[in-house]
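Enquirer: Enclosed is the structure file work.tsv (TSV, N, CA, C and O atoms).
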chain	number	residue	atom	x	y	z
A	1	MET	N	39.17	60.55	-9.26
A	1	MET	CA	38.12	61.23	-8.55
A	1	MET	C	36.97	60.26	-8.34
A	1	MET	O	36.66	59.45	-9.21
A	2	LYS	N	36.33	60.35	-7.21
A	2	LYS	CA	35.14	59.55	-6.94
A	2	LYS	C	33.90	60.35	-7.36
A	2	LYS	O	33.77	61.52	-7.02
A	3	ILE	N	33.02	59.68	-8.11
A	3	ILE	CA	31.80	60.33	-8.60
A	3	ILE	C	30.60	59.49	-8.17
A	3	ILE	O	30.59	58.27	-8.36
A	4	VAL	N	29.60	60.13	-7.59
A	4	VAL	CA	28.36	59.46	-7.21
A	4	VAL	C	27.24	60.06	-8.05
A	4	VAL	O	27.02	61.27	-8.05
A	5	MET	N	26.56	59.19	-8.79
A	5	MET	CA	25.41	59.61	-9.60
A	5	MET	C	24.16	59.15	-8.83
A	5	MET	O	24.08	58.00	-8.43
A	6	ALA	N	23.21	60.03	-8.64
A	6	ALA	CA	21.98	59.69	-7.94
A	6	ALA	C	20.80	59.79	-8.90
A	6	ALA	O	20.65	60.77	-9.61
A	7	HIS	N	19.99	58.73	-8.90
A	7	HIS	CA	18.81	58.67	-9.78
A	7	HIS	C	17.70	58.04	-8.94
A	7	HIS	O	17.73	56.84	-8.68
A	8	PHE	N	16.75	58.82	-8.50
A	8	PHE	CA	15.75	58.33	-7.55
A	8	PHE	C	14.48	57.84	-8.22
A	8	PHE	O	13.37	58.19	-7.82
A	9	ARG	N	14.67	57.03	-9.25
A	9	ARG	CA	13.57	56.34	-9.92
A	9	ARG	C	14.10	54.97	-10.35
A	9	ARG	O	15.28	54.70	-10.23
A	10	ASP	N	13.22	54.15	-10.88
A	10	ASP	CA	13.65	52.85	-11.41
A	10	ASP	C	14.62	53.07	-12.57
A	10	ASP	O	14.45	53.98	-13.37
A	11	ILE	N	15.61	52.19	-12.66
A	11	ILE	CA	16.54	52.22	-13.80
A	11	ILE	C	16.50	50.88	-14.53
A	11	ILE	O	16.87	50.78	-15.69
A	12	SER	N	16.01	49.84	-13.87
A	12	SER	CA	15.95	48.50	-14.48
A	12	SER	C	14.90	48.44	-15.57
A	12	SER	O	13.72	48.64	-15.31
A	13	GLY	N	15.35	48.19	-16.80
A	13	GLY	CA	14.44	48.02	-17.91
A	13	GLY	C	13.79	49.30	-18.43
A	13	GLY	O	12.94	49.25	-19.30
A	14	VAL	N	14.18	50.46	-17.92
A	14	VAL	CA	13.61	51.73	-18.35
A	14	VAL	C	14.50	52.32	-19.44
A	14	VAL	O	15.70	52.46	-19.25
A	15	SER	N	13.89	52.67	-20.59
A	15	SER	CA	14.69	53.12	-21.73
A	15	SER	C	14.55	54.62	-22.01
A	15	SER	O	14.62	55.05	-23.14
A	16	GLY	N	14.36	55.40	-20.98
A	16	GLY	CA	14.20	56.84	-21.16
A	16	GLY	C	15.52	57.56	-21.40
A	16	GLY	O	16.60	57.01	-21.24
A	17	GLY	N	15.41	58.82	-21.78
A	17	GLY	CA	16.59	59.62	-22.09
A	17	GLY	C	17.48	59.87	-20.89
A	17	GLY	O	18.70	59.84	-21.00
A	18	LEU	N	16.89	60.13	-19.72
A	18	LEU	CA	17.68	60.37	-18.53
A	18	LEU	C	18.48	59.12	-18.15
A	18	LEU	O	19.65	59.21	-17.76
A	19	GLU	N	17.87	57.96	-18.28
A	19	GLU	CA	18.56	56.70	-17.97
A	19	GLU	C	19.72	56.47	-18.95
A	19	GLU	O	20.80	56.01	-18.55
A	20	ARG	N	19.52	56.82	-20.21
A	20	ARG	CA	20.58	56.66	-21.21
A	20	ARG	C	21.75	57.58	-20.91
A	20	ARG	O	22.92	57.18	-20.94
A	21	VAL	N	21.46	58.83	-20.58
A	21	VAL	CA	22.51	59.79	-20.25
A	21	VAL	C	23.26	59.34	-19.00
A	21	VAL	O	24.49	59.41	-18.94
A	22	LEU	N	22.55	58.88	-17.99
A	22	LEU	CA	23.17	58.40	-16.75
A	22	LEU	C	24.14	57.27	-17.04
A	22	LEU	O	25.29	57.30	-16.58
A	23	CYS	N	23.74	56.29	-17.83
A	23	CYS	CA	24.61	55.15	-18.14
A	23	CYS	C	25.78	55.57	-19.02
A	23	CYS	O	26.92	55.17	-18.76
A	24	ASN	N	25.52	56.36	-20.04
A	24	ASN	CA	26.60	56.80	-20.94
A	24	ASN	C	27.64	57.66	-20.20
A	24	ASN	O	28.84	57.49	-20.37
A	25	PHE	N	27.17	58.59	-19.39
A	25	PHE	CA	28.07	59.46	-18.64
A	25	PHE	C	28.90	58.64	-17.65
A	25	PHE	O	30.11	58.84	-17.53
A	26	SER	N	28.24	57.72	-16.95
A	26	SER	CA	28.94	56.88	-15.98
A	26	SER	C	30.01	56.02	-16.66
A	26	SER	O	31.12	55.89	-16.15
A	27	ASN	N	29.67	55.44	-17.81
A	27	ASN	CA	30.63	54.63	-18.54
A	27	ASN	C	31.83	55.46	-18.99
A	27	ASN	O	32.99	55.03	-18.86
A	28	GLU	N	31.59	56.65	-19.50
A	28	GLU	CA	32.68	57.50	-19.98
A	28	GLU	C	33.58	57.95	-18.84
A	28	GLU	O	34.81	57.94	-18.97
A	29	MET	N	33.01	58.33	-17.72
A	29	MET	CA	33.83	58.75	-16.58
A	29	MET	C	34.65	57.58	-16.04
A	29	MET	O	35.81	57.75	-15.65
A	30	SER	N	34.08	56.39	-16.05
A	30	SER	CA	34.82	55.19	-15.62
A	30	SER	C	35.98	54.91	-16.56
A	30	SER	O	37.08	54.58	-16.12
A	31	LYS	N	35.75	55.04	-17.88
A	31	LYS	CA	36.82	54.84	-18.86
A	31	LYS	C	37.97	55.82	-18.66
A	31	LYS	O	39.11	55.51	-18.95
A	32	ARG	N	37.65	57.01	-18.16
A	32	ARG	CA	38.67	58.03	-17.94
A	32	ARG	C	39.38	57.86	-16.60
A	32	ARG	O	40.17	58.70	-16.20
A	33	GLY	N	39.06	56.77	-15.90
A	33	GLY	CA	39.78	56.45	-14.66
A	33	GLY	C	39.11	56.87	-13.38
A	33	GLY	O	39.68	56.71	-12.31
A	34	HIS	N	37.90	57.41	-13.46
A	34	HIS	CA	37.19	57.83	-12.25
A	34	HIS	C	36.48	56.64	-11.60
A	34	HIS	O	36.11	55.68	-12.27
A	35	ASP	N	36.30	56.71	-10.31
A	35	ASP	CA	35.58	55.69	-9.55
A	35	ASP	C	34.12	56.13	-9.47
A	35	ASP	O	33.78	57.04	-8.72
A	36	VAL	N	33.24	55.48	-10.25
A	36	VAL	CA	31.85	55.91	-10.39
A	36	VAL	C	30.90	54.95	-9.68
A	36	VAL	O	31.02	53.73	-9.83
A	37	HIS	N	29.99	55.51	-8.91
A	37	HIS	CA	28.94	54.73	-8.24
A	37	HIS	C	27.60	55.34	-8.61
A	37	HIS	O	27.47	56.56	-8.72
A	38	ILE	N	26.58	54.49	-8.79
A	38	ILE	CA	25.24	54.96	-9.10
A	38	ILE	C	24.31	54.57	-7.95
A	38	ILE	O	24.22	53.38	-7.60
A	39	LEU	N	23.66	55.55	-7.37
A	39	LEU	CA	22.65	55.30	-6.34
A	39	LEU	C	21.29	55.42	-7.01
A	39	LEU	O	21.01	56.39	-7.70
A	40	THR	N	20.45	54.43	-6.79
A	40	THR	CA	19.13	54.46	-7.40
A	40	THR	C	18.10	53.89	-6.43
A	40	THR	O	18.43	53.07	-5.57
A	41	TYR	N	16.88	54.34	-6.56
A	41	TYR	CA	15.78	53.78	-5.79
A	41	TYR	C	14.98	52.94	-6.77
A	41	TYR	O	14.09	53.43	-7.46
A	42	ASP	N	15.36	51.68	-6.88
A	42	ASP	CA	14.78	50.78	-7.87
A	42	ASP	C	13.95	49.73	-7.14
A	42	ASP	O	14.43	49.09	-6.22
A	43	THR	N	12.71	49.56	-7.57
A	43	THR	CA	11.84	48.59	-6.91
A	43	THR	C	12.11	47.15	-7.33
A	43	THR	O	11.67	46.22	-6.69
A	44	SER	N	12.87	46.97	-8.41
A	44	SER	CA	13.22	45.63	-8.87
A	44	SER	C	14.49	45.15	-8.17
A	44	SER	O	15.50	45.84	-8.16
A	45	GLU	N	14.43	43.97	-7.57
A	45	GLU	CA	15.59	43.44	-6.85
A	45	GLU	C	16.61	42.78	-7.77
A	45	GLU	O	17.78	42.70	-7.44
A	46	THR	N	16.17	42.28	-8.92
A	46	THR	CA	17.09	41.53	-9.78
A	46	THR	C	17.22	42.13	-11.17
A	46	THR	O	17.85	41.53	-12.03
A	47	GLY	N	16.63	43.28	-11.41
A	47	GLY	CA	16.65	43.87	-12.74
A	47	GLY	C	18.02	44.40	-13.13
A	47	GLY	O	18.89	44.64	-12.29
A	48	ILE	N	18.21	44.57	-14.42
A	48	ILE	CA	19.43	45.16	-14.93
A	48	ILE	C	19.05	46.40	-15.75
A	48	ILE	O	17.95	46.46	-16.29
A	49	PRO	N	19.94	47.38	-15.86
A	49	PRO	CA	19.62	48.58	-16.63
A	49	PRO	C	19.37	48.25	-18.10
A	49	PRO	O	19.99	47.35	-18.66
A	50	TYR	N	18.49	48.99	-18.73
A	50	TYR	CA	18.21	48.82	-20.15
A	50	TYR	C	19.45	49.14	-20.97
A	50	TYR	O	19.77	48.46	-21.93
A	51	PHE	N	20.16	50.19	-20.57
A	51	PHE	CA	21.40	50.57	-21.25
A	51	PHE	C	22.58	49.93	-20.50
A	51	PHE	O	22.61	49.92	-19.29
A	52	PRO	N	23.54	49.39	-21.25
A	52	PRO	CA	24.64	48.64	-20.59
A	52	PRO	C	25.56	49.53	-19.76
A	52	PRO	O	25.80	50.69	-20.10
A	53	LEU	N	26.05	48.96	-18.68
A	53	LEU	CA	27.06	49.60	-17.86
A	53	LEU	C	28.34	48.78	-17.98
A	53	LEU	O	28.29	47.55	-17.93
A	54	GLU	N	29.46	49.46	-18.16
A	54	GLU	CA	30.75	48.77	-18.28
A	54	GLU	C	31.12	48.12	-16.95
A	54	GLU	O	30.82	48.66	-15.89
A	55	LYS	N	31.77	47.00	-17.05
A	55	LYS	CA	32.27	46.31	-15.85
A	55	LYS	C	33.48	47.05	-15.31
A	55	LYS	O	34.26	47.62	-16.07
A	56	LYS	N	33.63	47.02	-14.00
A	56	LYS	CA	34.80	47.63	-13.35
A	56	LYS	C	36.04	46.88	-13.75
A	56	LYS	O	36.06	45.66	-13.77
A	57	ARG	N	37.10	47.58	-14.10
A	57	ARG	CA	38.34	46.93	-14.53
A	57	ARG	C	39.26	46.70	-13.38
A	57	ARG	O	39.34	47.31	-12.44
Please, can you express the file's structure as structure tokens?

Expert:
Amino acid sequence: MKIVMAHFRDISGVSGGLERVLCNFSNEMSKRGHDVHILTYDTSETGIPYFPLEKKR
């Protein structure tokens, strides 16, 4: 299944609860074989999320 997660705030370097849930949920769905994409409105062009995202296999 294809899953699109939308988060219309910065995600780079932000350690809030919503960002943690977004990353954890996305990682778990990806591990279960789903095709997960995250749409975000992030003002940082080179930032990375505070919480790790698994690499696509």

Enquirer: Between A:Val21, A:Val14, A:Val4, A:Leu53, which residue has the minimum interatomic distance to His37 (chain A), considering only N, CA, C and O atoms?

Expert: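 The shortest atom-to-atom distance to His37 (chain A) comes from A:Val4.
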
Enquirer: Between atom O of Phe8 (chain A) and CA of Glu45 (chain A), what is the spacing in Å?

Expert: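 CA of Glu45 (chain A) sits 14.9 Å away from atom O of Phe8 (chain A).
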
Enquirer: Give the strand (DSSP E or B) residues of chain A, as DSSP finds them on the backbone, and put them as a PDB file with N, CA, C and O atoms, in the frame of the given file.

Expert:
ATOM      1  N   LYS A   2      36.330  60.350  -7.210  1.00  0.00           N
ATOM      2  CA  LYS A   2      35.140  59.550  -6.940  1.00  0.00           C
ATOM      3  C   LYS A   2      33.900  60.350  -7.360  1.00  0.00           C
ATOM      4  O   LYS A   2      33.770  61.520  -7.020  1.00  0.00           O
ATOM      5  N   ILE A   3      33.020  59.680  -8.110  1.00  0.00           N
ATOM      6  CA  ILE A   3      31.800  60.330  -8.600  1.00  0.00           C
ATOM      7  C   ILE A   3      30.600  59.490  -8.170  1.00  0.00           C
ATOM      8  O   ILE A   3      30.590  58.270  -8.360  1.00  0.00           O
ATOM      9  N   VAL A   4      29.600  60.130  -7.590  1.00  0.00           N
ATOM     10  CA  VAL A   4      28.360  59.460  -7.210  1.00  0.00           C
ATOM     11  C   VAL A   4      27.240  60.060  -8.050  1.00  0.00           C
ATOM     12  O   VAL A   4      27.020  61.270  -8.050  1.00  0.00           O
ATOM     13  N   MET A   5      26.560  59.190  -8.790  1.00  0.00           N
ATOM     14  CA  MET A   5      25.410  59.610  -9.600  1.00  0.00           C
ATOM     15  C   MET A   5      24.160  59.150  -8.830  1.00  0.00           C
ATOM     16  O   MET A   5      24.080  58.000  -8.430  1.00  0.00           O
ATOM     17  N   ALA A   6      23.210  60.030  -8.640  1.00  0.00           N
ATOM     18  CA  ALA A   6      21.980  59.690  -7.940  1.00  0.00           C
ATOM     19  C   ALA A   6      20.800  59.790  -8.900  1.00  0.00           C
ATOM     20  O   ALA A   6      20.650  60.770  -9.610  1.00  0.00           O
ATOM     21  N   HIS A   7      19.990  58.730  -8.900  1.00  0.00           N
ATOM     22  CA  HIS A   7      18.810  58.670  -9.780  1.00  0.00           C
ATOM     23  C   HIS A   7      17.700  58.040  -8.940  1.00  0.00           C
ATOM     24  O   HIS A   7      17.730  56.840  -8.680  1.00  0.00           O
ATOM     25  N   SER A  12      16.010  49.840 -13.870  1.00  0.00           N
ATOM     26  CA  SER A  12      15.950  48.500 -14.480  1.00  0.00           C
ATOM     27  C   SER A  12      14.900  48.440 -15.570  1.00  0.00           C
ATOM     28  O   SER A  12      13.720  48.640 -15.310  1.00  0.00           O
ATOM     29  N   ASP A  35      36.300  56.710 -10.310  1.00  0.00           N
ATOM     30  CA  ASP A  35      35.580  55.690  -9.550  1.00  0.00           C
ATOM     31  C   ASP A  35      34.120  56.130  -9.470  1.00  0.00           C
ATOM     32  O   ASP A  35      33.780  57.040  -8.720  1.00  0.00           O
ATOM     33  N   VAL A  36      33.240  55.480 -10.250  1.00  0.00           N
ATOM     34  CA  VAL A  36      31.850  55.910 -10.390  1.00  0.00           C
ATOM     35  C   VAL A  36      30.900  54.950  -9.680  1.00  0.00           C
ATOM     36  O   VAL A  36      31.020  53.730  -9.830  1.00  0.00           O
ATOM     37  N   HIS A  37      29.990  55.510  -8.910  1.00  0.00           N
ATOM     38  CA  HIS A  37      28.940  54.730  -8.240  1.00  0.00           C
ATOM     39  C   HIS A  37      27.600  55.340  -8.610  1.00  0.00           C
ATOM     40  O   HIS A  37      27.470  56.560  -8.720  1.00  0.00           O
ATOM     41  N   ILE A  38      26.580  54.490  -8.790  1.00  0.00           N
ATOM     42  CA  ILE A  38      25.240  54.960  -9.100  1.00  0.00           C
ATOM     43  C   ILE A  38      24.310  54.570  -7.950  1.00  0.00           C
ATOM     44  O   ILE A  38      24.220  53.380  -7.600  1.00  0.00           O
ATOM     45  N   LEU A  39      23.660  55.550  -7.370  1.00  0.00           N
ATOM     46  CA  LEU A  39      22.650  55.300  -6.340  1.00  0.00           C
ATOM     47  C   LEU A  39      21.290  55.420  -7.010  1.00  0.00           C
ATOM     48  O   LEU A  39      21.010  56.390  -7.700  1.00  0.00           O
ATOM     49  N   THR A  40      20.450  54.430  -6.790  1.00  0.00           N
ATOM     50  CA  THR A  40      19.130  54.460  -7.400  1.00  0.00           C
ATOM     51  C   THR A  40      18.100  53.890  -6.430  1.00  0.00           C
ATOM     52  O   THR A  40      18.430  53.070  -5.570  1.00  0.00           O
ATOM     53  N   PRO A  49      19.940  47.380 -15.860  1.00  0.00           N
ATOM     54  CA  PRO A  49      19.620  48.580 -16.630  1.00  0.00           C
ATOM     55  C   PRO A  49      19.370  48.250 -18.100  1.00  0.00           C
ATOM     56  O   PRO A  49      19.990  47.350 -18.660  1.00  0.00           O
TER      57      PRO A  49
END

Enquirer: Taking 5 positions as the minimum chain separation for residues in the same chain, which residues sit within 7 Å of Ser15 (chain A) when counting all atoms listed in the file? Answer as a ChimeraX atom specification.

Expert: /A:20,50-51

Enquirer: Please measure the separation of atom O of Ser12 (chain A) and atom C of Asp42 (chain A), giving the value in Å to one decimal.

Expert: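 Spanning atom O of Ser12 (chain A) to atom C of Asp42 (chain A) is a straight-line distance of 8.2 Å.
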
Enquirer: In Å, how far is it from atom N of Arg9 (chain A) to CA of Ile38 (chain A)?

Expert: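 About the pair atom N of Arg9 (chain A) and CA of Ile38 (chain A): they are 10.8 Å apart.
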
Enquirer: Go through chain A and collect every residue that DSSP, computed from the backbone, puts in alpha helix (DSSP H); the answer should be as a PyMOL selection string.

Expert: chain A and resi 17-31

Enquirer: At a cut-off of 7 Å, using only C-alpha atoms, what residues contact region 29-35 of chain A? Leave out same-chain residues fewer than 6 positions from it and give the result as a list of chain:residue names.

Expert: A:Met1, A:Lys2, A:Ile3
